[in-house]
$ cat target.pdb   # PDB, N, CA and C atoms
ATOM      1  N   MET X   1     143.584  65.030 106.507
ATOM      2  CA  MET X   1     142.170  64.919 106.278
ATOM      3  C   MET X   1     141.956  64.560 104.818
ATOM      4  N   LYS X   2     140.987  63.695 104.576
ATOM      5  CA  LYS X   2     140.758  63.257 103.206
ATOM      6  C   LYS X   2     140.049  64.341 102.403
ATOM      7  N   ASP X   3     140.281  64.294 101.099
ATOM      8  CA  ASP X   3     139.633  65.250 100.208
ATOM      9  C   ASP X   3     138.172  64.878 100.056
ATOM     10  N   THR X   4     137.348  65.903  99.882
ATOM     11  CA  THR X   4     135.935  65.650  99.648
ATOM     12  C   THR X   4     135.570  66.191  98.284
ATOM     13  N   GLU X   5     134.652  65.528  97.679
ATOM     14  CA  GLU X   5     134.112  65.941  96.394
ATOM     15  C   GLU X   5     132.619  66.117  96.583
ATOM     16  N   PRO X   6     131.966  66.920  95.748
ATOM     17  CA  PRO X   6     130.521  67.072  95.898
ATOM     18  C   PRO X   6     129.769  65.743  95.899
ATOM     19  N   ALA X   7     130.292  64.735  95.218
ATOM     20  CA  ALA X   7     129.620  63.435  95.191
ATOM     21  C   ALA X   7     129.685  62.740  96.551
ATOM     22  N   THR X   8     130.666  63.098  97.393
ATOM     23  CA  THR X   8     130.825  62.423  98.680
ATOM     24  C   THR X   8     130.424  63.286  99.865
ATOM     25  N   THR X   9     130.053  64.533  99.647
ATOM     26  CA  THR X   9     129.670  65.407 100.750
ATOM     27  C   THR X   9     128.173  65.319 101.006
ATOM     28  N   PHE X  10     127.727  65.942 102.083
ATOM     29  CA  PHE X  10     126.321  65.941 102.461
ATOM     30  C   PHE X  10     125.474  66.484 101.316
ATOM     31  N   ARG X  11     124.580  65.666 100.821
ATOM     32  CA  ARG X  11     123.653  66.002  99.736
ATOM     33  C   ARG X  11     124.365  66.531  98.487
ATOM     34  N   GLY X  12     125.627  66.152  98.299
ATOM     35  CA  GLY X  12     126.367  66.558  97.107
ATOM     36  C   GLY X  12     126.710  68.034  97.047
ATOM     37  N   LEU X  13     126.685  68.702  98.195
ATOM     38  CA  LEU X  13     126.972  70.140  98.244
ATOM     39  C   LEU X  13     128.476  70.393  98.138
ATOM     40  N   PRO X  14     128.866  71.532  97.581
ATOM     41  CA  PRO X  14     130.299  71.873  97.474
ATOM     42  C   PRO X  14     130.836  72.382  98.812
ATOM     43  N   LEU X  15     131.190  71.465  99.679
ATOM     44  CA  LEU X  15     131.644  71.803 101.028
ATOM     45  C   LEU X  15     133.106  71.435 101.204
ATOM     46  N   SER X  16     133.767  72.151 102.108
ATOM     47  CA  SER X  16     135.133  71.782 102.482
ATOM     48  C   SER X  16     135.049  70.549 103.388
ATOM     49  N   PRO X  17     136.154  69.846 103.564
ATOM     50  CA  PRO X  17     136.139  68.691 104.468
ATOM     51  C   PRO X  17     135.697  69.073 105.884
ATOM     52  N   GLU X  18     136.107  70.247 106.359
ATOM     53  CA  GLU X  18     135.728  70.686 107.702
ATOM     54  C   GLU X  18     134.229  70.949 107.787
ATOM     55  N   GLN X  19     133.672  71.576 106.766
ATOM     56  CA  GLN X  19     132.238  71.859 106.753
ATOM     57  C   GLN X  19     131.433  70.564 106.708
ATOM     58  N   ASP X  20     131.858  69.642 105.857
ATOM     59  CA  ASP X  20     131.160  68.361 105.746
ATOM     60  C   ASP X  20     131.202  67.629 107.085
ATOM     61  N   SER X  21     132.351  67.651 107.736
ATOM     62  CA  SER X  21     132.494  67.007 109.041
ATOM     63  C   SER X  21     131.591  67.659 110.078
ATOM     64  N   GLU X  22     131.493  68.978 110.053
ATOM     65  CA  GLU X  22     130.643  69.685 111.000
ATOM     66  C   GLU X  22     129.177  69.300 110.821
ATOM     67  N   ILE X  23     128.735  69.197 109.589
ATOM     68  CA  ILE X  23     127.345  68.814 109.316
ATOM     69  C   ILE X  23     127.097  67.384 109.776
ATOM     70  N   LYS X  24     128.002  66.473 109.453
ATOM     71  CA  LYS X  24     127.828  65.077 109.859
ATOM     72  C   LYS X  24     127.837  64.943 111.375
ATOM     73  N   HIS X  25     128.672  65.719 112.046
ATOM     74  CA  HIS X  25     128.702  65.704 113.514
ATOM     75  C   HIS X  25     127.373  66.197 114.077
ATOM     76  N   TYR X  26     126.828  67.265 113.509
ATOM     77  CA  TYR X  26     125.543  67.806 113.954
ATOM     78  C   TYR X  26     124.451  66.734 113.821
ATOM     79  N   ILE X  27     124.408  66.079 112.663
ATOM     80  CA  ILE X  27     123.383  65.055 112.423
ATOM     81  C   ILE X  27     123.555  63.897 113.397
ATOM     82  N   HIS X  28     124.790  63.445 113.582
ATOM     83  CA  HIS X  28     125.070  62.335 114.489
ATOM     84  C   HIS X  28     124.643  62.671 115.918
ATOM     85  N   THR X  29     124.967  63.865 116.363
ATOM     86  CA  THR X  29     124.612  64.289 117.714
ATOM     87  C   THR X  29     123.102  64.330 117.892
ATOM     88  N   ARG X  30     122.398  64.872 116.919
ATOM     89  CA  ARG X  30     120.932  64.952 116.997
ATOM     90  C   ARG X  30     120.319  63.549 117.007
ATOM     91  N   GLN X  31     120.847  62.646 116.193
ATOM     92  CA  GLN X  31     120.319  61.281 116.147
ATOM     93  C   GLN X  31     120.548  60.553 117.471
ATOM     94  N   ARG X  32     121.714  60.756 118.085
ATOM     95  CA  ARG X  32     121.994  60.122 119.372
ATOM     96  C   ARG X  32     121.030  60.572 120.448
ATOM     97  N   CYS X  33     120.594  61.830 120.355
ATOM     98  CA  CYS X  33     119.646  62.365 121.340
ATOM     99  C   CYS X  33     118.205  62.007 120.997
ATOM    100  N   GLY X  34     117.994  61.418 119.836
ATOM    101  CA  GLY X  34     116.641  61.093 119.409
ATOM    102  C   GLY X  34     115.875  62.290 118.889
ATOM    103  N   ALA X  35     116.586  63.363 118.583
ATOM    104  CA  ALA X  35     115.955  64.589 118.088
ATOM    105  C   ALA X  35     115.994  64.597 116.561
ATOM    106  N   PRO X  36     115.046  65.263 115.928
ATOM    107  CA  PRO X  36     115.100  65.362 114.464
ATOM    108  C   PRO X  36     116.318  66.180 114.048
ATOM    109  N   TRP X  37     116.944  65.769 112.971
ATOM    110  CA  TRP X  37     118.154  66.457 112.543
ATOM    111  C   TRP X  37     117.924  67.377 111.355
ATOM    112  N   ASP X  38     116.880  67.167 110.582
ATOM    113  CA  ASP X  38     116.615  68.022 109.418
ATOM    114  C   ASP X  38     115.814  69.229 109.894
ATOM    115  N   THR X  39     116.530  70.177 110.473
ATOM    116  CA  THR X  39     115.900  71.319 111.139
ATOM    117  C   THR X  39     116.255  72.628 110.446
ATOM    118  N   GLY X  40     115.591  73.668 110.864
ATOM    119  CA  GLY X  40     115.921  75.008 110.378
ATOM    120  C   GLY X  40     117.346  75.396 110.745
ATOM    121  N   GLU X  41     117.797  74.926 111.899
ATOM    122  CA  GLU X  41     119.171  75.213 112.338
ATOM    123  C   GLU X  41     120.183  74.619 111.361
ATOM    124  N   LEU X  42     119.943  73.383 110.923
ATOM    125  CA  LEU X  42     120.831  72.755 109.948
ATOM    126  C   LEU X  42     120.786  73.503 108.620
ATOM    127  N   ARG X  43     119.600  73.882 108.187
ATOM    128  CA  ARG X  43     119.484  74.621 106.922
ATOM    129  C   ARG X  43     120.202  75.961 107.009
ATOM    130  N   ALA X  44     120.105  76.643 108.148
ATOM    131  CA  ALA X  44     120.804  77.923 108.327
ATOM    132  C   ALA X  44     122.320  77.716 108.329
ATOM    133  N   MET X  45     122.771  76.636 108.960
ATOM    134  CA  MET X  45     124.197  76.327 109.003
ATOM    135  C   MET X  45     124.722  76.100 107.582
ATOM    136  N   ILE X  46     123.984  75.340 106.801
ATOM    137  CA  ILE X  46     124.403  75.061 105.424
ATOM    138  C   ILE X  46     124.380  76.340 104.591
ATOM    139  N   ALA X  47     123.344  77.162 104.780
ATOM    140  CA  ALA X  47     123.261  78.417 104.026
ATOM    141  C   ALA X  47     124.464  79.307 104.335
ATOM    142  N   ASP X  48     124.871  79.381 105.605
ATOM    143  CA  ASP X  48     126.045  80.181 105.980
ATOM    144  C   ASP X  48     127.323  79.614 105.372
ATOM    145  N   MET X  49     127.397  78.298 105.285
ATOM    146  CA  MET X  49     128.588  77.678 104.708
ATOM    147  C   MET X  49     128.680  77.940 103.209
ATOM    148  N   LEU X  50     127.546  77.915 102.538
ATOM    149  CA  LEU X  50     127.545  78.096 101.090
ATOM    150  C   LEU X  50     127.629  79.558 100.684
ATOM    151  N   ASP X  51     127.101  80.445 101.520
ATOM    152  CA  ASP X  51     127.112  81.878 101.219
ATOM    153  C   ASP X  51     127.383  82.638 102.511
ATOM    154  N   PRO X  52     128.651  82.663 102.955
ATOM    155  CA  PRO X  52     128.965  83.306 104.236
ATOM    156  C   PRO X  52     128.666  84.798 104.188
ATOM    157  N   PRO X  53     128.251  85.358 105.321
ATOM    158  CA  PRO X  53     127.970  86.786 105.356
ATOM    159  C   PRO X  53     129.241  87.599 105.123
ATOM    160  N   GLU X  54     129.087  88.726 104.449
ATOM    161  CA  GLU X  54     130.226  89.610 104.182
ATOM    162  C   GLU X  54     130.565  90.393 105.442
ATOM    163  N   LEU X  55     131.840  90.690 105.586
ATOM    164  CA  LEU X  55     132.280  91.523 106.700
ATOM    165  C   LEU X  55     132.090  92.992 106.351
ATOM    166  N   ALA X  56     131.691  93.769 107.318
ATOM    167  CA  ALA X  56     131.598  95.210 107.129
ATOM    168  C   ALA X  56     133.008  95.782 107.044
ATOM    169  N   ASP X  57     133.133  96.984 106.494
ATOM    170  CA  ASP X  57     134.452  97.599 106.328
ATOM    171  C   ASP X  57     135.216  97.705 107.643
ATOM    172  N   GLU X  58     134.521  98.097 108.730
ATOM    173  CA  GLU X  58     135.224  98.231 110.007
ATOM    174  C   GLU X  58     135.660  96.861 110.526
ATOM    175  N   ASP X  59     134.897  95.796 110.216
ATOM    176  CA  ASP X  59     135.312  94.455 110.605
ATOM    177  C   ASP X  59     136.552  94.035 109.831
ATOM    178  N   ASN X  60     136.595  94.364 108.538
ATOM    179  CA  ASN X  60     137.768  94.054 107.726
ATOM    180  C   ASN X  60     139.006  94.758 108.281
ATOM    181  N   GLN X  61     138.863  96.025 108.668
ATOM    182  CA  GLN X  61     139.974  96.776 109.232
ATOM    183  C   GLN X  61     140.416  96.153 110.548
ATOM    184  N   SER X  62     139.463  95.745 111.366
ATOM    185  CA  SER X  62     139.779  95.111 112.639
ATOM    186  C   SER X  62     140.543  93.806 112.422
ATOM    187  N   VAL X  63     140.118  93.030 111.435
ATOM    188  CA  VAL X  63     140.807  91.777 111.125
ATOM    189  C   VAL X  63     142.231  92.066 110.652
ATOM    190  N   ARG X  64     142.397  93.056 109.780
ATOM    191  CA  ARG X  64     143.742  93.410 109.300
ATOM    192  C   ARG X  64     144.632  93.865 110.453
ATOM    193  N   ASP X  65     144.083  94.691 111.349
ATOM    194  CA  ASP X  65     144.863  95.160 112.495
ATOM    195  C   ASP X  65     145.273  93.995 113.394
ATOM    196  N   SER X  66     144.350  93.079 113.620
ATOM    197  CA  SER X  66     144.630  91.922 114.460
ATOM    198  C   SER X  66     145.706  91.045 113.835
ATOM    199  N   MET X  67     145.602  90.814 112.529
ATOM    200  CA  MET X  67     146.602  89.999 111.840
ATOM    201  C   MET X  67     147.970  90.661 111.880
ATOM    202  N   ARG X  68     148.009  91.965 111.707
ATOM    203  CA  ARG X  68     149.277  92.691 111.750
ATOM    204  C   ARG X  68     149.906  92.570 113.145
ATOM    205  N   ALA X  69     149.090  92.678 114.192
ATOM    206  CA  ALA X  69     149.603  92.557 115.554
ATOM    207  C   ALA X  69     150.136  91.151 115.817
ATOM    208  N   GLU X  70     149.421  90.133 115.321
ATOM    209  CA  GLU X  70     149.881  88.754 115.503
ATOM    210  C   GLU X  70     151.184  88.500 114.757
ATOM    211  N   GLN X  71     151.307  89.047 113.550
ATOM    212  CA  GLN X  71     152.539  88.875 112.789
ATOM    213  C   GLN X  71     153.708  89.539 113.503
ATOM    214  N   THR X  72     153.488  90.724 114.054
ATOM    215  CA  THR X  72     154.537  91.434 114.783
ATOM    216  C   THR X  72     154.965  90.639 116.006
ATOM    217  N   THR X  73     153.985  90.109 116.736
ATOM    218  CA  THR X  73     154.296  89.306 117.927
ATOM    219  C   THR X  73     155.093  88.071 117.550
ATOM    220  N   ALA X  74     154.674  87.388 116.493
ATOM    221  CA  ALA X  74     155.386  86.181 116.055
ATOM    222  C   ALA X  74     156.819  86.521 115.642
ATOM    223  N   ARG X  75     156.995  87.615 114.919
ATOM    224  CA  ARG X  75     158.326  88.019 114.481
ATOM    225  C   ARG X  75     159.191  88.355 115.697
ATOM    226  N   ASP X  76     158.621  89.087 116.669
ATOM    227  CA  ASP X  76     159.383  89.439 117.865
ATOM    228  C   ASP X  76     159.780  88.196 118.659
ATOM    229  N   GLU X  77     158.856  87.234 118.767
ATOM    230  CA  GLU X  77     159.170  86.004 119.491
ATOM    231  C   GLU X  77     160.266  85.221 118.772
ATOM    232  N   ALA X  78     160.224  85.188 117.447
ATOM    233  CA  ALA X  78     161.249  84.474 116.680
ATOM    234  C   ALA X  78     162.604  85.138 116.882
ATOM    235  N   GLU X  79     162.639  86.460 116.898
ATOM    236  CA  GLU X  79     163.899  87.172 117.126
ATOM    237  C   GLU X  79     164.403  86.923 118.538
ATOM    238  N   PHE X  80     163.489  86.893 119.515
ATOM    239  CA  PHE X  80     163.865  86.634 120.901
ATOM    240  C   PHE X  80     164.453  85.241 121.042
ATOM    241  N   GLU X  81     163.821  84.256 120.410
ATOM    242  CA  GLU X  81     164.336  82.890 120.458
ATOM    243  C   GLU X  81     165.710  82.817 119.809
ATOM    244  N   GLY X  82     165.910  83.519 118.714
ATOM    245  CA  GLY X  82     167.203  83.526 118.038
ATOM    246  C   GLY X  82     168.278  84.151 118.893
ATOM    247  N   ASP X  83     167.926  85.197 119.655
ATOM    248  CA  ASP X  83     168.888  85.857 120.525
ATOM    249  C   ASP X  83     169.290  84.967 121.696
ATOM    250  N   ASN X  84     168.426  84.068 122.112
ATOM    251  CA  ASN X  84     168.680  83.258 123.298
ATOM    252  C   ASN X  84     169.200  81.863 122.984
ATOM    253  N   GLU X  85     169.555  81.587 121.731
ATOM    254  CA  GLU X  85     170.043  80.254 121.389
ATOM    255  C   GLU X  85     171.338  79.916 122.107
ATOM    256  N   ASN X  86     172.209  80.899 122.321
ATOM    257  CA  ASN X  86     173.497  80.646 122.955
ATOM    258  C   ASN X  86     173.492  80.955 124.445
ATOM    259  N   ALA X  87     172.347  81.302 124.987
ATOM    260  CA  ALA X  87     172.259  81.611 126.413
ATOM    261  C   ALA X  87     172.380  80.316 127.216
ATOM    262  N   PRO X  88     172.977  80.393 128.406
ATOM    263  CA  PRO X  88     173.104  79.176 129.221
ATOM    264  C   PRO X  88     171.739  78.715 129.704
ATOM    265  N   GLU X  89     171.624  77.431 129.949
ATOM    266  CA  GLU X  89     170.378  76.902 130.481
ATOM    267  C   GLU X  89     170.217  77.389 131.908
ATOM    268  N   THR X  90     169.006  77.346 132.401
ATOM    269  CA  THR X  90     168.723  77.858 133.737
ATOM    270  C   THR X  90     169.563  77.166 134.796
ATOM    271  N   GLY X  91     169.717  75.858 134.705
ATOM    272  CA  GLY X  91     170.508  75.118 135.692
ATOM    273  C   GLY X  91     171.957  75.551 135.687
ATOM    274  N   ALA X  92     172.515  75.742 134.499
ATOM    275  CA  ALA X  92     173.911  76.167 134.404
ATOM    276  C   ALA X  92     174.074  77.558 134.987
ATOM    277  N   LEU X  93     173.107  78.428 134.756
ATOM    278  CA  LEU X  93     173.155  79.771 135.308
ATOM    279  C   LEU X  93     173.085  79.713 136.827
ATOM    280  N   TRP X  94     172.250  78.871 137.370
ATOM    281  CA  TRP X  94     172.098  78.724 138.818
ATOM    282  C   TRP X  94     173.418  78.241 139.422
ATOM    283  N   ASP X  95     174.062  77.261 138.782
ATOM    284  CA  ASP X  95     175.318  76.726 139.300
ATOM    285  C   ASP X  95     176.392  77.805 139.352
ATOM    286  N   LYS X  96     176.426  78.685 138.363
ATOM    287  CA  LYS X  96     177.442  79.733 138.334
ATOM    288  C   LYS X  96     177.179  80.794 139.391
ATOM    289  N   GLN X  97     175.891  81.051 139.685
ATOM    290  CA  GLN X  97     175.554  82.119 140.622
ATOM    291  C   GLN X  97     175.611  81.654 142.067
ATOM    292  N   ALA X  98     175.354  80.385 142.330
ATOM    293  CA  ALA X  98     175.261  79.935 143.721
ATOM    294  C   ALA X  98     176.060  78.644 143.920
ATOM    295  N   PRO X  99     177.384  78.755 143.942
ATOM    296  CA  PRO X  99     178.170  77.526 144.108
ATOM    297  C   PRO X  99     178.086  76.965 145.532
ATOM    298  N   ASP X 100     177.618  77.753 146.503
ATOM    299  CA  ASP X 100     177.578  77.318 147.889
ATOM    300  C   ASP X 100     176.290  76.597 148.262
ATOM    301  N   ARG X 101     175.373  76.421 147.304
ATOM    302  CA  ARG X 101     174.080  75.823 147.673
ATOM    303  C   ARG X 101     174.296  74.381 148.147
ATOM    304  N   PRO X 102     173.484  73.968 149.094
ATOM    305  CA  PRO X 102     173.634  72.613 149.631
ATOM    306  C   PRO X 102     173.264  71.577 148.566
ATOM    307  N   THR X 103     173.944  70.465 148.629
ATOM    308  CA  THR X 103     173.672  69.390 147.681
ATOM    309  C   THR X 103     172.815  68.331 148.364
ATOM    310  N   ALA X 104     172.020  67.685 147.570
ATOM    311  CA  ALA X 104     171.171  66.618 148.120
ATOM    312  C   ALA X 104     172.041  65.397 148.363
ATOM    313  N   GLY X 105     171.813  64.713 149.448
ATOM    314  CA  GLY X 105     172.618  63.525 149.595
ATOM    315  C   GLY X 105     172.707  62.991 150.917
TER     316      GLY X 105
END
$ encode --input "target.pdb" --output "structure tokens"
Amino acid sequence: MKDTEPATTFRGLPLSPEQDSEIKHYIHTRQRCGAPWDTGELRAMIADMLDPPELADEDNQSVRDSMRAEQTTARDEAEFEGDNENAPETGALWDKQAPDRPTAG
């Protein structure tokens, strides 16, 4: 994604590339529908982008707990993948367990 500068963003606001894209998408969508785009909804969206609401303490704790759980899951999956690197493929395992299976032909 290209870098944005206040000179190139919507109304020169200090927005991230994602925020600028979201605003431009909103305006484009409204114009395609023939609806006015300079609305209270757009102003509220920009206000939230420039001054996002603070999280309450319990929300911060919930986010930390969620991140910790995701990190643990990712670490466990990485360890599981590492343990199974030398495991036989499913087809090879099937061939060893059932040599009497009928062959196609």
$ atom_distance --input "target.pdb" --atom1 "atom C of X:Val63" --atom2 "atom C of X:Ala78"
22.4 Å
$ atom_distance --input "target.pdb" --atom1 "atom C of X:Met49" --atom2 "atom CA of X:Pro14"
8.5 Å
$ atom_distance --input "target.pdb" --atom1 "atom CA of X:Ser62" --atom2 "atom N of X:Asp76"
20.2 Å
$ closest_residue --input "target.pdb" --among "X:Glu54, X:Ile23, X:Pro17, X:Arg75" --to "X:Leu42" --atoms "all atoms listed in the file"
X:Ile23
$ residues_around --input "target.pdb" --residues "X:Trp37" --least-positions-apart "6" --cutoff "6 Å" --atoms "all atoms listed in the file" --output "ChimeraX atom specification"
/X:27,30-31
